[in-house]
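One file, coords_24.tsv, carrying TSV, C-alpha atoms:
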```
chain	number	residue	atom	x	y	z
A	212	MET	CA	24.41	-3.84	10.64
A	213	ARG	CA	21.26	-1.74	10.57
A	214	ASN	CA	21.43	0.22	7.36
A	215	ALA	CA	20.64	3.90	7.00
A	216	LEU	CA	16.88	4.43	7.11
A	217	PRO	CA	15.24	3.35	3.83
A	218	ALA	CA	13.74	6.19	1.77
A	219	VAL	CA	10.19	4.92	2.35
A	220	LEU	CA	10.82	4.99	6.10
A	221	VAL	CA	12.14	8.55	6.00
A	222	VAL	CA	9.02	9.66	4.11
A	223	ALA	CA	6.78	7.92	6.64
A	224	LEU	CA	8.51	9.64	9.54
A	225	LEU	CA	8.09	13.02	7.86
A	226	LEU	CA	4.39	12.34	7.37
A	227	PHE	CA	3.59	10.93	10.81
A	228	GLY	CA	6.14	12.74	12.98
A	229	ALA	CA	7.89	11.43	16.06
A	230	CYS	CA	6.94	10.58	19.62
A	231	VAL	CA	6.93	13.48	22.02
A	232	GLY	CA	10.10	13.18	24.10
A	233	PRO	CA	12.53	15.19	26.17
A	234	GLU	CA	13.44	18.62	24.87
A	235	LEU	CA	16.86	18.57	23.22
A	236	PRO	CA	19.23	21.54	22.97
A	237	GLU	CA	19.04	23.51	19.77
A	238	LEU	CA	21.93	22.39	17.59
A	239	SER	CA	23.56	24.08	14.64
A	240	ARG	CA	25.80	22.69	11.91
A	241	PRO	CA	28.64	24.80	10.48
A	242	PRO	CA	30.02	24.37	6.97
A	243	ALA	CA	31.64	20.95	6.55
A	244	GLU	CA	35.10	22.45	6.09
A	245	ASP	CA	34.94	23.93	9.61
A	246	ILE	CA	34.33	20.57	11.34
A	247	GLU	CA	37.43	19.13	12.97
A	248	PRO	CA	38.10	15.38	13.27
A	249	LEU	CA	37.60	13.41	16.46
A	250	SER	CA	39.74	10.34	17.18
A	251	PHE	CA	38.22	7.17	18.61
A	252	LEU	CA	40.32	5.87	21.52
A	253	SER	CA	37.93	2.98	22.20
A	254	PRO	CA	36.57	0.58	21.29
A	255	SER	CA	39.41	-1.07	19.43
A	256	GLY	CA	38.69	-4.31	17.60
A	257	PRO	CA	35.77	-6.68	18.23
A	258	VAL	CA	34.32	-6.28	21.74
A	259	PRO	CA	31.42	-7.77	23.75
A	260	SER	CA	28.61	-5.69	25.24
A	261	PRO	CA	28.62	-3.37	27.14
A	262	VAL	CA	30.82	-1.26	24.89
A	263	THR	CA	32.84	1.72	26.11
A	264	PHE	CA	33.24	4.71	23.79
A	265	ARG	CA	36.03	7.28	24.22
A	266	VAL	CA	37.20	9.99	21.81
A	267	HIS	CA	39.80	12.72	21.71
A	268	GLY	CA	39.24	16.03	19.96
A	269	PRO	CA	40.01	19.74	19.83
A	270	ASP	CA	39.83	21.82	23.01
A	271	GLU	CA	36.66	23.61	21.95
A	272	VAL	CA	34.62	20.37	22.23
A	273	ALA	CA	32.40	20.73	25.32
A	274	TRP	CA	30.36	17.55	24.93
A	275	VAL	CA	30.03	14.53	22.66
A	276	ARG	CA	27.02	12.53	21.50
A	277	TYR	CA	27.38	8.95	20.21
A	278	LEU	CA	24.85	7.75	17.61
A	279	VAL	CA	24.41	4.12	16.56
A	280	ASP	CA	23.42	3.25	12.99
A	281	SER	CA	21.94	6.73	12.54
A	282	SER	CA	18.99	5.65	14.68
A	283	TRP	CA	19.60	5.70	18.45
A	284	SER	CA	21.81	7.50	20.90
A	285	ALA	CA	24.35	5.45	22.83
A	286	GLY	CA	24.79	8.35	25.23
A	287	GLU	CA	26.41	11.73	25.78
A	288	SER	CA	29.34	12.96	27.84
A	289	SER	CA	30.58	16.40	28.84
A	290	ASP	CA	33.64	15.11	30.69
A	291	PRO	CA	36.81	15.71	28.66
A	292	SER	CA	38.97	14.32	31.48
A	293	SER	CA	37.48	10.88	30.77
A	294	ASP	CA	37.83	11.35	27.00
A	295	PHE	CA	34.03	11.76	26.89
A	296	LEU	CA	33.49	8.20	28.12
A	297	VAL	CA	30.10	6.54	27.55
A	298	SER	CA	29.09	2.89	28.01
A	299	ALA	CA	26.27	1.30	25.97
A	300	GLN	CA	24.52	-2.07	25.95
A	301	PHE	CA	23.94	-4.04	22.73
A	302	LEU	CA	21.50	-6.95	22.73
A	303	LEU	CA	22.76	-8.56	19.51
A	304	GLU	CA	26.20	-9.06	18.06
A	305	GLY	CA	27.10	-7.73	14.64
A	306	THR	CA	28.56	-4.71	12.89
A	307	ARG	CA	27.29	-1.25	13.90
A	308	ARG	CA	28.13	2.18	12.53
A	309	ILE	CA	29.06	4.66	15.26
A	310	ASP	CA	29.03	8.45	14.82
A	311	ALA	CA	30.67	10.63	17.47
A	312	THR	CA	29.75	14.30	17.20
A	313	GLY	CA	31.46	16.99	19.24
A	314	TYR	CA	29.66	20.21	20.22
A	315	ASP	CA	31.01	23.44	21.68
A	316	ALA	CA	29.49	25.31	24.64
A	317	SER	CA	26.95	26.92	22.29
A	318	ASN	CA	25.77	23.50	21.05
A	319	ARG	CA	27.45	24.08	17.68
A	320	ILE	CA	28.89	21.05	15.89
A	321	VAL	CA	32.66	21.46	15.81
A	322	ALA	CA	34.03	17.91	15.42
A	323	HIS	CA	32.98	14.51	14.12
A	324	ALA	CA	34.22	10.96	13.61
A	325	ARG	CA	32.70	7.74	12.29
A	326	THR	CA	33.81	4.18	12.86
A	327	GLU	CA	32.49	0.65	12.54
A	328	LEU	CA	32.04	-1.45	15.66
A	329	GLU	CA	32.02	-5.25	15.75
A	330	VAL	CA	30.00	-6.46	18.74
A	331	VAL	CA	30.78	-10.08	19.64
A	332	PRO	CA	29.10	-12.42	22.15
A	333	ASP	CA	30.35	-12.16	25.72
A	334	PRO	CA	31.68	-15.62	26.65
A	335	SER	CA	31.07	-14.89	30.33
A	336	ALA	CA	27.35	-14.04	29.93
A	337	THR	CA	24.49	-16.30	28.88
A	338	GLU	CA	22.16	-15.19	26.12
A	339	LEU	CA	20.06	-18.36	26.15
A	340	GLY	CA	16.36	-17.80	26.67
A	341	LEU	CA	12.94	-19.18	27.57
A	342	TRP	CA	9.59	-18.23	26.01
A	343	ILE	CA	6.48	-17.98	28.19
A	344	PRO	CA	2.86	-17.12	27.30
A	345	ASP	CA	2.32	-15.50	30.71
A	346	VAL	CA	3.70	-15.55	34.24
A	347	GLU	CA	0.79	-17.53	35.70
A	348	SER	CA	1.49	-20.54	33.50
A	349	THR	CA	4.92	-20.96	35.10
A	350	GLY	CA	3.55	-21.53	38.59
A	351	TYR	CA	5.38	-18.49	39.97
A	352	SER	CA	4.68	-14.88	40.81
A	353	GLY	CA	6.61	-12.26	38.85
A	354	GLU	CA	9.19	-11.98	41.61
A	355	GLY	CA	9.45	-15.74	42.00
A	356	LEU	CA	9.86	-16.26	38.25
A	357	ALA	CA	12.61	-13.65	38.04
A	358	GLU	CA	14.49	-15.28	40.91
A	359	GLN	CA	14.03	-18.78	39.42
A	360	LEU	CA	15.32	-17.74	36.00
A	361	ALA	CA	18.32	-16.02	37.56
A	362	THR	CA	19.08	-19.09	39.66
A	363	LEU	CA	19.01	-21.29	36.57
A	364	GLY	CA	21.19	-18.87	34.60
A	365	VAL	CA	18.59	-18.05	31.92
A	366	GLY	CA	19.73	-14.79	30.32
A	367	ARG	CA	16.57	-13.80	28.44
A	368	VAL	CA	12.85	-14.36	28.81
A	369	TYR	CA	10.36	-13.83	25.98
A	370	VAL	CA	6.90	-12.80	27.24
A	371	GLN	CA	3.85	-12.80	24.98
A	372	ALA	CA	2.55	-9.24	24.86
A	373	GLY	CA	0.10	-9.19	21.99
A	374	GLU	CA	-1.81	-10.93	19.21
A	375	GLY	CA	-2.68	-8.83	16.20
A	376	PRO	CA	-3.62	-5.23	17.05
A	377	SER	CA	-3.46	-5.28	20.85
A	378	SER	CA	-4.01	-3.08	23.87
A	379	CYS	CA	-2.86	-3.29	27.46
A	380	ASP	CA	-6.42	-4.18	28.50
A	381	GLU	CA	-6.23	-7.29	26.33
A	382	TRP	CA	-2.54	-8.03	26.99
A	383	PRO	CA	-1.50	-6.58	30.37
A	384	ALA	CA	2.04	-7.92	29.91
A	385	ALA	CA	2.69	-5.20	27.30
A	386	CYS	CA	2.44	-2.56	30.02
A	387	ASP	CA	3.76	-4.59	32.95
A	388	SER	CA	6.70	-2.40	33.91
A	389	ALA	CA	6.75	-4.02	37.36
A	390	LEU	CA	7.48	-7.44	35.84
A	391	VAL	CA	10.13	-5.93	33.56
A	392	SER	CA	11.80	-4.27	36.56
A	393	LEU	CA	11.79	-7.53	38.53
A	394	LEU	CA	13.44	-9.39	35.64
A	395	ARG	CA	16.05	-6.70	35.04
A	396	ALA	CA	16.86	-6.60	38.76
A	397	GLN	CA	17.85	-10.28	38.42
A	398	GLN	CA	19.95	-9.58	35.29
A	399	VAL	CA	17.39	-11.32	33.05
A	400	THR	CA	16.70	-9.39	29.83
A	401	PRO	CA	12.95	-9.20	29.05
A	402	LEU	CA	11.81	-9.26	25.43
A	403	ALA	CA	8.23	-9.24	24.17
A	404	TRP	CA	6.88	-11.55	21.52
A	405	LEU	CA	3.85	-10.73	19.39
A	406	ARG	CA	1.71	-13.23	17.49
A	407	ALA	CA	1.26	-11.32	14.25
A	408	ILE	CA	-1.55	-11.38	11.68
A	409	PRO	CA	-1.19	-10.40	8.00
A	410	GLU	CA	-3.72	-7.54	8.26
A	411	ASP	CA	-3.47	-4.11	9.93
A	412	PRO	CA	0.34	-3.71	10.14
A	413	GLU	CA	0.09	-0.07	11.29
A	414	ASP	CA	-2.23	-0.92	14.19
A	415	GLN	CA	-0.10	-3.88	15.25
A	416	ALA	CA	3.02	-1.74	15.37
A	417	LEU	CA	1.51	0.65	17.91
A	418	VAL	CA	2.22	-1.81	20.72
A	419	LEU	CA	5.90	-0.80	20.53
A	420	PHE	CA	5.01	2.43	22.31
A	421	ASP	CA	3.79	0.42	25.31
A	422	LEU	CA	6.69	-2.04	25.17
A	423	GLY	CA	9.28	0.73	25.07
A	424	ALA	CA	7.66	2.65	27.91
A	425	SER	CA	7.52	-0.53	30.02
A	426	GLY	CA	11.25	-1.17	29.57
A	427	TYR	CA	11.32	-4.26	27.34
A	428	GLY	CA	14.63	-4.82	25.61
A	429	GLY	CA	13.25	-5.70	22.17
A	430	VAL	CA	10.45	-7.45	20.31
A	431	VAL	CA	10.00	-10.70	18.37
A	432	VAL	CA	7.41	-10.77	15.57
A	433	HIS	CA	5.88	-14.26	15.49
A	434	ALA	CA	4.68	-14.80	11.89
A	435	GLY	CA	2.50	-17.89	11.58
A	436	PRO	CA	1.84	-20.07	8.48
A	437	GLU	CA	-0.78	-17.61	7.22
A	438	PHE	CA	2.05	-15.28	6.15
A	439	GLU	CA	3.60	-17.88	3.87
A	440	ALA	CA	1.04	-17.26	1.12
A	441	ALA	CA	1.60	-13.49	1.34
A	442	PRO	CA	5.20	-12.90	2.49
A	443	GLU	CA	5.06	-9.27	1.37
A	444	ARG	CA	2.72	-8.65	4.32
A	445	LEU	CA	5.46	-9.68	6.71
A	446	HIS	CA	7.73	-7.11	5.12
A	447	ALA	CA	4.98	-4.49	5.50
A	448	LEU	CA	4.59	-5.33	9.19
A	449	VAL	CA	8.32	-5.20	9.91
A	450	LEU	CA	8.50	-1.83	8.14
A	451	GLN	CA	5.75	-0.44	10.37
A	452	LEU	CA	7.52	-1.76	13.46
A	453	VAL	CA	10.74	-0.03	12.40
A	454	ILE	CA	8.83	3.22	11.85
A	455	ALA	CA	7.32	2.91	15.34
A	456	ARG	CA	10.72	2.11	16.87
A	457	THR	CA	12.35	5.09	15.19
A	458	ARG	CA	9.61	7.44	16.39
A	459	CYS	CA	9.82	6.13	19.93
A	460	THR	CA	13.62	6.17	20.05
A	461	SER	CA	13.71	9.77	18.82
A	462	GLY	CA	11.14	10.63	21.47
A	463	GLY	CA	13.06	9.02	24.30
A	464	ILE	CA	10.55	6.19	24.90
A	465	ASN	CA	12.92	3.36	23.97
A	466	ALA	CA	16.11	3.60	25.98
A	467	GLY	CA	18.94	2.53	23.68
A	468	ASP	CA	19.09	-0.63	21.62
A	469	PHE	CA	15.65	-2.11	20.86
A	470	PRO	CA	16.08	-4.88	18.27
A	471	ILE	CA	13.28	-6.26	16.11
A	472	LEU	CA	13.57	-10.02	15.59
A	473	VAL	CA	11.50	-11.89	12.98
A	474	SER	CA	10.24	-15.38	13.80
A	475	ILE	CA	9.18	-17.68	10.95
A	476	GLY	CA	8.74	-21.42	10.51
A	477	ALA	CA	11.61	-23.86	10.10
A	478	ASP	CA	11.30	-23.77	6.29
A	479	PRO	CA	12.23	-20.26	5.13
A	480	SER	CA	11.63	-20.88	1.41
A	481	PRO	CA	8.17	-19.17	1.31
A	482	TYR	CA	9.92	-15.91	2.27
A	483	ALA	CA	12.69	-16.13	-0.33
A	484	ASP	CA	11.44	-13.08	-2.26
A	485	VAL	CA	11.32	-10.76	0.78
A	486	ILE	CA	14.28	-11.92	2.84
A	487	ALA	CA	16.64	-9.34	1.35
A	488	SER	CA	14.27	-6.44	2.04
A	489	ILE	CA	13.50	-7.64	5.57
A	490	GLU	CA	17.25	-7.95	6.23
A	491	ASP	CA	17.49	-4.19	5.63
A	492	LEU	CA	14.97	-3.56	8.42
A	493	ALA	CA	15.18	-6.27	11.06
A	494	ASP	CA	17.99	-7.25	13.43
A	495	ALA	CA	17.79	-11.06	13.62
A	496	TRP	CA	15.83	-14.12	12.49
A	497	VAL	CA	14.20	-16.52	14.94
A	498	PRO	CA	13.23	-19.72	13.11
A	499	ARG	CA	10.77	-21.89	15.03
A	500	ILE	CA	11.68	-25.57	15.11
A	501	ALA	CA	9.34	-28.31	16.23
A	502	ALA	CA	11.19	-31.60	16.26
A	503	ASP	CA	11.50	-34.87	18.05
A	504	PRO	CA	14.06	-34.24	20.82
A	505	ALA	CA	16.48	-36.75	19.36
A	506	GLN	CA	16.37	-34.98	15.98
A	507	SER	CA	16.50	-31.37	17.19
A	508	ALA	CA	20.22	-30.82	16.54
A	509	ALA	CA	19.94	-31.98	12.92
A	510	ALA	CA	16.79	-29.88	12.43
A	511	VAL	CA	18.62	-26.78	13.69
A	512	GLN	CA	21.47	-27.20	11.22
A	513	GLU	CA	19.09	-27.79	8.33
A	514	THR	CA	17.10	-24.63	9.13
A	515	ILE	CA	20.08	-22.34	9.66
A	516	CYS	CA	21.77	-23.56	6.48
A	517	ALA	CA	18.54	-23.02	4.52
A	518	LEU	CA	18.42	-19.42	5.73
A	519	ARG	CA	22.06	-18.81	4.84
A	520	SER	CA	21.50	-20.28	1.37
A	521	LEU	CA	18.81	-17.63	0.82
A	522	GLY	CA	21.29	-14.86	1.61
A	523	VAL	CA	20.55	-14.30	5.30
A	524	GLU	CA	23.45	-12.46	6.96
A	525	LEU	CA	21.75	-11.29	10.16
A	526	PRO	CA	22.12	-13.33	13.38
A	527	VAL	CA	19.95	-16.46	13.51
A	528	ARG	CA	18.42	-17.30	16.91
A	529	PRO	CA	16.53	-20.63	16.71
A	530	VAL	CA	13.72	-21.42	19.16
A	531	ILE	CA	12.47	-24.94	19.65
A	532	GLY	CA	9.21	-26.35	20.93
A	533	PHE	CA	9.49	-29.85	22.33
A	534	GLY	CA	6.46	-32.09	22.37
A	535	GLY	CA	6.12	-33.44	25.89
A	536	LEU	CA	8.82	-33.42	28.50
A	537	PRO	CA	12.34	-33.62	27.04
A	538	SER	CA	15.38	-34.83	28.90
A	539	THR	CA	18.14	-32.49	30.00
A	540	ALA	CA	20.41	-34.13	27.42
A	541	ASP	CA	17.89	-33.29	24.67
A	542	VAL	CA	17.77	-29.63	25.70
A	543	ASP	CA	21.55	-29.40	25.94
A	544	ALA	CA	21.98	-30.97	22.50
A	545	PHE	CA	19.64	-28.41	20.96
A	546	LEU	CA	21.29	-25.43	22.66
A	547	GLU	CA	24.77	-26.58	21.69
A	548	GLN	CA	23.82	-26.82	18.03
A	549	ALA	CA	21.53	-23.75	17.94
A	550	GLY	CA	24.19	-21.41	19.27
A	551	VAL	CA	24.31	-18.08	21.07
A	552	GLY	CA	20.91	-16.53	21.76
A	553	SER	CA	18.84	-19.66	21.10
A	554	SER	CA	15.82	-20.38	23.25
A	555	LEU	CA	13.10	-22.82	24.31
A	556	ALA	CA	9.39	-22.23	23.71
A	557	TRP	CA	8.38	-24.65	26.41
A	558	THR	CA	6.77	-23.54	29.65
A	559	PRO	CA	7.35	-25.57	32.78
A	560	SER	CA	4.50	-25.76	35.26
A	561	GLU	CA	3.69	-26.57	38.90
A	562	GLY	CA	6.16	-24.12	40.39
A	563	GLU	CA	9.42	-25.01	42.05
A	564	LEU	CA	8.39	-28.59	42.84
A	565	GLY	CA	7.46	-29.46	39.26
A	566	GLU	CA	9.39	-32.13	37.36
A	567	ASP	CA	9.63	-29.72	34.41
A	568	TRP	CA	11.68	-27.22	36.39
A	569	SER	CA	14.05	-29.95	37.50
A	570	VAL	CA	14.84	-30.63	33.81
A	571	LEU	CA	15.66	-26.96	33.25
A	572	ASP	CA	17.68	-26.83	36.45
A	573	ALA	CA	20.15	-29.36	35.06
A	574	VAL	CA	20.60	-27.58	31.71
A	575	ASP	CA	23.88	-25.77	31.12
A	576	TRP	CA	22.47	-22.25	30.63
A	577	ASN	CA	25.88	-20.66	31.04
A	578	ARG	CA	27.59	-22.51	28.22
A	579	SER	CA	30.23	-20.54	26.34
A	580	GLU	CA	31.03	-23.13	23.66
A	581	PHE	CA	28.75	-24.14	20.81
A	582	ALA	CA	28.97	-26.49	17.88
A	583	GLU	CA	30.56	-25.24	14.67
A	584	LEU	CA	27.95	-25.00	11.95
A	585	ASP	CA	29.00	-26.67	8.71
A	586	CYS	CA	26.67	-25.77	5.84
A	587	PRO	CA	27.21	-27.48	2.48
```
What does the file become when written as structure tokens?
Amino acid sequence: MRNALPAVLVVALLLFGACVGPELPELSRPPAEDIEPLSFLSPSGPVPSPVTFRVHGPDEVAWVRYLVDSSWSAGESSDPSSDFLVSAQFLLEGTRRIDATGYDASNRIVAHARTELEVVPDPSATELGLWIPDVESTGYSGEGLAEQLATLGVGRVYVQAGEGPSSCDEWPAACDSALVSLLRAQQVTPLAWLRAIPEDPEDQALVLFDLGASGYGGVVVHAGPEFEAAPERLHALVLQLVIARTRCTSGGINAGDFPILVSIGADPSPYADVIASIEDLADAWVPRIAADPAQSAAAVQETICALRSLGVELPVRPVIGFGGLPSTADVDAFLEQAGVGSSLAWTPSEGELGEDWSVLDAVDWNRSEFAELDCP
């Protein structure tokens, strides 16, 4: 669960302000003793995304706003006949804190309720993904790539959108809303990945404004080996990304859930001293595994168990880079062991006639069963 904003983050937001966004109605808060309770009618128990929220409250409630983890709005409703129904998408499973606040016709807070939500993977939807450096390297146009991924059943695509402090002139993918729209039209969730550097965390974080405006669903911070000697710099970068996300969400640039995932090498031990503090900021870990295809399943288990032994509680989403052309059986073995949300950092080439694409075509991208992880 994303925690309440750390004190250092609150101070930063007060100093730097928020993105300019849509004008919100002026709200007022009465004394706490005058606020009536709302009752959550749904969700009830663990549920997959999208999640439907419904509440019941006193007659004076004119509209209800739902807030997730004190950071982003899941939506608003002014329809009491539907019990103020709102539906929201969540990209990652896990526990979220939900606040429902009821307002009267004068935008005065009159009712409130808080609950915890357990989002679980949807067994009917794939969350397996493919990383690409750019569209051209796949042999397809943007439209062709979106159609190919949808045909295969790939649920997510990770597009490189920056390296260090970046601009759209240097990395057009960061502002490619047309590509994002094509992917979303095919029910493929686009995420951006950024190759980070230890220096200039504030400047690197500015790319989130472009990513949010373009419609990306989240961002992966790719921290290379140079961070291992200075892990505190990774924490500093993630903090700046969270500040940027909060500013953009409050300004209406990011629409809804926009997770920040942290990608490190297969050996997490260099980050042992900062894992706990990064867990308070980020939403998932993406360990990068480079292994012989026949050894990939064992490498996945070793990496995930090493993270758990260091206290990692967030979701772990392994990504693997195969050397050369793997077999379909190799890819399937990795995905089965790596679990929900895992991905391949391997870009097929030569378009629809390429041998690489035929390997991906035979992979079970819609699998709903994964191996049980048994850590010692």
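Using only C-alpha atoms, the nearest neighbour of A:Gly552 within the list A:Thr362, A:Ser425, A:Ser488, A:Asn577 is A:Asn577.
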Tell me, counting all atoms listed in the file, for each residue of stretch 427-489 of chain A within 10 Å of stretch 370-392 of chain A, which pair of atoms is nearest and how far apart they are in Å to one decimal, in rows ordered by chain and increasing number, as CSV.
```
residue,atom,partner,partner_atom,distance
A:Tyr427,CA,A:Val391,CA,6.5
A:Gly428,CA,A:Val391,CA,9.2
A:Val430,CA,A:Ala372,CA,9.3
A:Val431,CA,A:Gln371,CA,9.3
A:Val432,CA,A:Gly373,CA,9.9
A:His433,CA,A:Glu374,CA,9.2
```
Measure the distance from atom CA of A:Asp245 to atom CA of A:Asp310 in Å and round it to one decimal.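 Between these atoms lies a distance of 17.4 Å.
Closest approach to A:Ser284 from the set A:Ile309, A:Pro344, A:Pro498, A:Asp585 is made by A:Ile309, with distances taken over only C-alpha atoms.
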Identify, on the basis of all atoms listed in the file, every residue whose closest approach to stretch 450-452 of chain A does not exceed 10 Å; exclude the query and any residue fewer than 5 positions from it along the same chain; express the result as a list in words.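 Selected residues are Pro217, Val219, Leu220, Ala223, Asp411, Pro412, Glu413, Asp414, Gln415, Ala416, Leu417, Val418, Leu419, Val430, Val432, Arg444, Leu445, Thr457, Arg458, Ile471, Ser488, Ile489, Asp491, Leu492 and Ala493 of chain A.
Considering the residues A:Asp468, A:Asp567, A:Glu443, A:Glu410 and counting only C-alpha atoms, A:Val279 has its shortest atom-to-atom contact with A:Asp468.
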Pick from A:Ala440, A:Ala487, A:Val297, A:Ala424: nearest to A:Thr460, with all atoms listed in the file counted?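 Among A:Ala440, A:Ala487, A:Val297, A:Ala424, it is A:Ala424 that comes nearest to A:Thr460.
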Residues within 9 Å of A:Phe301, all atoms listed in the file, excluding chain neighbours under 4 positions, as a CSV table (one decimal) with C-alpha atoms, in the frame of the given file:
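As a result, part_38.csv now contains:
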```csv
chain,number,residue,atom,x,y,z
A,259,PRO,CA,31.4,-7.8,23.8
A,260,SER,CA,28.6,-5.7,25.2
A,261,PRO,CA,28.6,-3.4,27.1
A,262,VAL,CA,30.8,-1.3,24.9
A,330,VAL,CA,30.0,-6.5,18.7
A,467,GLY,CA,18.9,2.5,23.7
A,468,ASP,CA,19.1,-0.6,21.6
A,469,PHE,CA,15.6,-2.1,20.9
```
Nearest-residue call for A:Ser250, choices A:Val530, A:Val497, A:Val272, A:Ala311, using all atoms listed in the file: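 So, comparing all the options, the nearest one is A:Ala311.
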May I ask for the distance between atom CA of A:Phe295 and atom CA of A:Arg276, given in Å to one decimal place? 8.9 Å
Which neighbours of stretch 507-512 of chain A fall inside 9 Å, counting all atoms listed in the file, when residues of the same chain fewer than 4 positions from it are skipped, and could you give them as a ChimeraX atom specification? /A:477,498,500-503,516-517,529,531,533,541-542,544-549,584-586
Record the distance separating atom CA of A:Gln359 and atom CA of A:Asp572, expressed in Å with one decimal.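 Atom-to-atom, atom CA of A:Gln359 to atom CA of A:Asp572, that is 9.3 Å.
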Compile the contact shell of A:Val368 as an mmCIF file with C-alpha atoms, keeping the file's coordinate frame: residues with an atom at most 9 Å away, counting only C-alpha atoms, same-chain residues fewer than 5 positions apart removed.
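Everything below was put into selection_16.cif:
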```cif
data_model
loop_
_atom_site.group_PDB
_atom_site.id
_atom_site.type_symbol
_atom_site.label_atom_id
_atom_site.label_comp_id
_atom_site.auth_asym_id
_atom_site.auth_seq_id
_atom_site.Cartn_x
_atom_site.Cartn_y
_atom_site.Cartn_z
ATOM 1 C CA LEU A 339 20.060 -18.360 26.150
ATOM 2 C CA GLY A 340 16.360 -17.800 26.670
ATOM 3 C CA LEU A 341 12.940 -19.180 27.570
ATOM 4 C CA TRP A 342 9.590 -18.230 26.010
ATOM 5 C CA ILE A 343 6.480 -17.980 28.190
ATOM 6 C CA LEU A 360 15.320 -17.740 36.000
ATOM 7 C CA LEU A 394 13.440 -9.390 35.640
ATOM 8 C CA VAL A 399 17.390 -11.320 33.050
ATOM 9 C CA THR A 400 16.700 -9.390 29.830
ATOM 10 C CA PRO A 401 12.950 -9.200 29.050
ATOM 11 C CA LEU A 402 11.810 -9.260 25.430
ATOM 12 C CA ALA A 403 8.230 -9.240 24.170
ATOM 13 C CA SER A 554 15.820 -20.380 23.250
#
```
Distance query stretch 252-257 of chain A at most 10 Å, only C-alpha atoms, self and fewer than 6 positions along chain excluded, as a list of chain:residue names: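 Non-adjacent residues within range: A:Thr263, A:Phe264, A:Arg265, A:Val266, A:His267, A:Asp294, A:Leu296, A:Glu304, A:Gly305, A:Thr306, A:Thr326, A:Glu327, A:Leu328, A:Glu329, A:Val330, A:Val331, A:Pro332.
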Using only C-alpha atoms, find the one residue out of A:Ser480, A:Ser553, A:Ser293, A:Ser579 that sits nearest to A:Arg367.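 Checking each of A:Ser480, A:Ser553, A:Ser293, A:Ser579 against A:Arg367, counting only C-alpha atoms, the winner is A:Ser553.
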Dump as a VMD selection string all residues having an atom at most 10 Å from (21.8, -24.7, 33.8), computed in the file's coordinates with all atoms listed in the file. chain A and resid 360 362 to 365 539 543 570 to 578
Reconstructed stretch 500-511 of chain A, atom set N, CA and C atoms, as a PDB file, in the frame of the given file:
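Dumped to result_9.pdb:
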```
ATOM      1  N   ILE A 500      11.431 -24.167  15.449  1.00  0.00           N
ATOM      2  CA  ILE A 500      11.680 -25.570  15.110  1.00  0.00           C
ATOM      3  C   ILE A 500      10.871 -26.458  16.035  1.00  0.00           C
ATOM      4  N   ALA A 501      10.087 -27.314  15.459  1.00  0.00           N
ATOM      5  CA  ALA A 501       9.340 -28.310  16.230  1.00  0.00           C
ATOM      6  C   ALA A 501       9.849 -29.671  15.779  1.00  0.00           C
ATOM      7  N   ALA A 502      10.546 -30.353  16.657  1.00  0.00           N
ATOM      8  CA  ALA A 502      11.190 -31.600  16.260  1.00  0.00           C
ATOM      9  C   ALA A 502      11.182 -32.589  17.407  1.00  0.00           C
ATOM     10  N   ASP A 503      11.269 -33.849  17.041  1.00  0.00           N
ATOM     11  CA  ASP A 503      11.500 -34.870  18.050  1.00  0.00           C
ATOM     12  C   ASP A 503      12.807 -34.539  18.757  1.00  0.00           C
ATOM     13  N   PRO A 504      12.840 -34.634  20.088  1.00  0.00           N
ATOM     14  CA  PRO A 504      14.060 -34.240  20.820  1.00  0.00           C
ATOM     15  C   PRO A 504      15.335 -34.847  20.264  1.00  0.00           C
ATOM     16  N   ALA A 505      15.277 -36.086  19.848  1.00  0.00           N
ATOM     17  CA  ALA A 505      16.480 -36.750  19.360  1.00  0.00           C
ATOM     18  C   ALA A 505      16.943 -36.192  18.013  1.00  0.00           C
ATOM     19  N   GLN A 506      16.027 -35.503  17.303  1.00  0.00           N
ATOM     20  CA  GLN A 506      16.370 -34.980  15.980  1.00  0.00           C
ATOM     21  C   GLN A 506      16.559 -33.465  15.978  1.00  0.00           C
ATOM     22  N   SER A 507      16.507 -32.833  17.153  1.00  0.00           N
ATOM     23  CA  SER A 507      16.500 -31.370  17.190  1.00  0.00           C
ATOM     24  C   SER A 507      17.800 -30.774  16.669  1.00  0.00           C
ATOM     25  N   ALA A 508      18.940 -31.379  16.982  1.00  0.00           N
ATOM     26  CA  ALA A 508      20.220 -30.820  16.540  1.00  0.00           C
ATOM     27  C   ALA A 508      20.318 -30.818  15.021  1.00  0.00           C
ATOM     28  N   ALA A 509      19.905 -31.908  14.388  1.00  0.00           N
ATOM     29  CA  ALA A 509      19.940 -31.980  12.920  1.00  0.00           C
ATOM     30  C   ALA A 509      18.963 -30.988  12.307  1.00  0.00           C
ATOM     31  N   ALA A 510      17.794 -30.818  12.944  1.00  0.00           N
ATOM     32  CA  ALA A 510      16.790 -29.880  12.430  1.00  0.00           C
ATOM     33  C   ALA A 510      17.313 -28.444  12.494  1.00  0.00           C
ATOM     34  N   VAL A 511      18.042 -28.120  13.546  1.00  0.00           N
ATOM     35  CA  VAL A 511      18.620 -26.780  13.690  1.00  0.00           C
ATOM     36  C   VAL A 511      19.582 -26.494  12.548  1.00  0.00           C
TER      37      VAL A 511
END
```
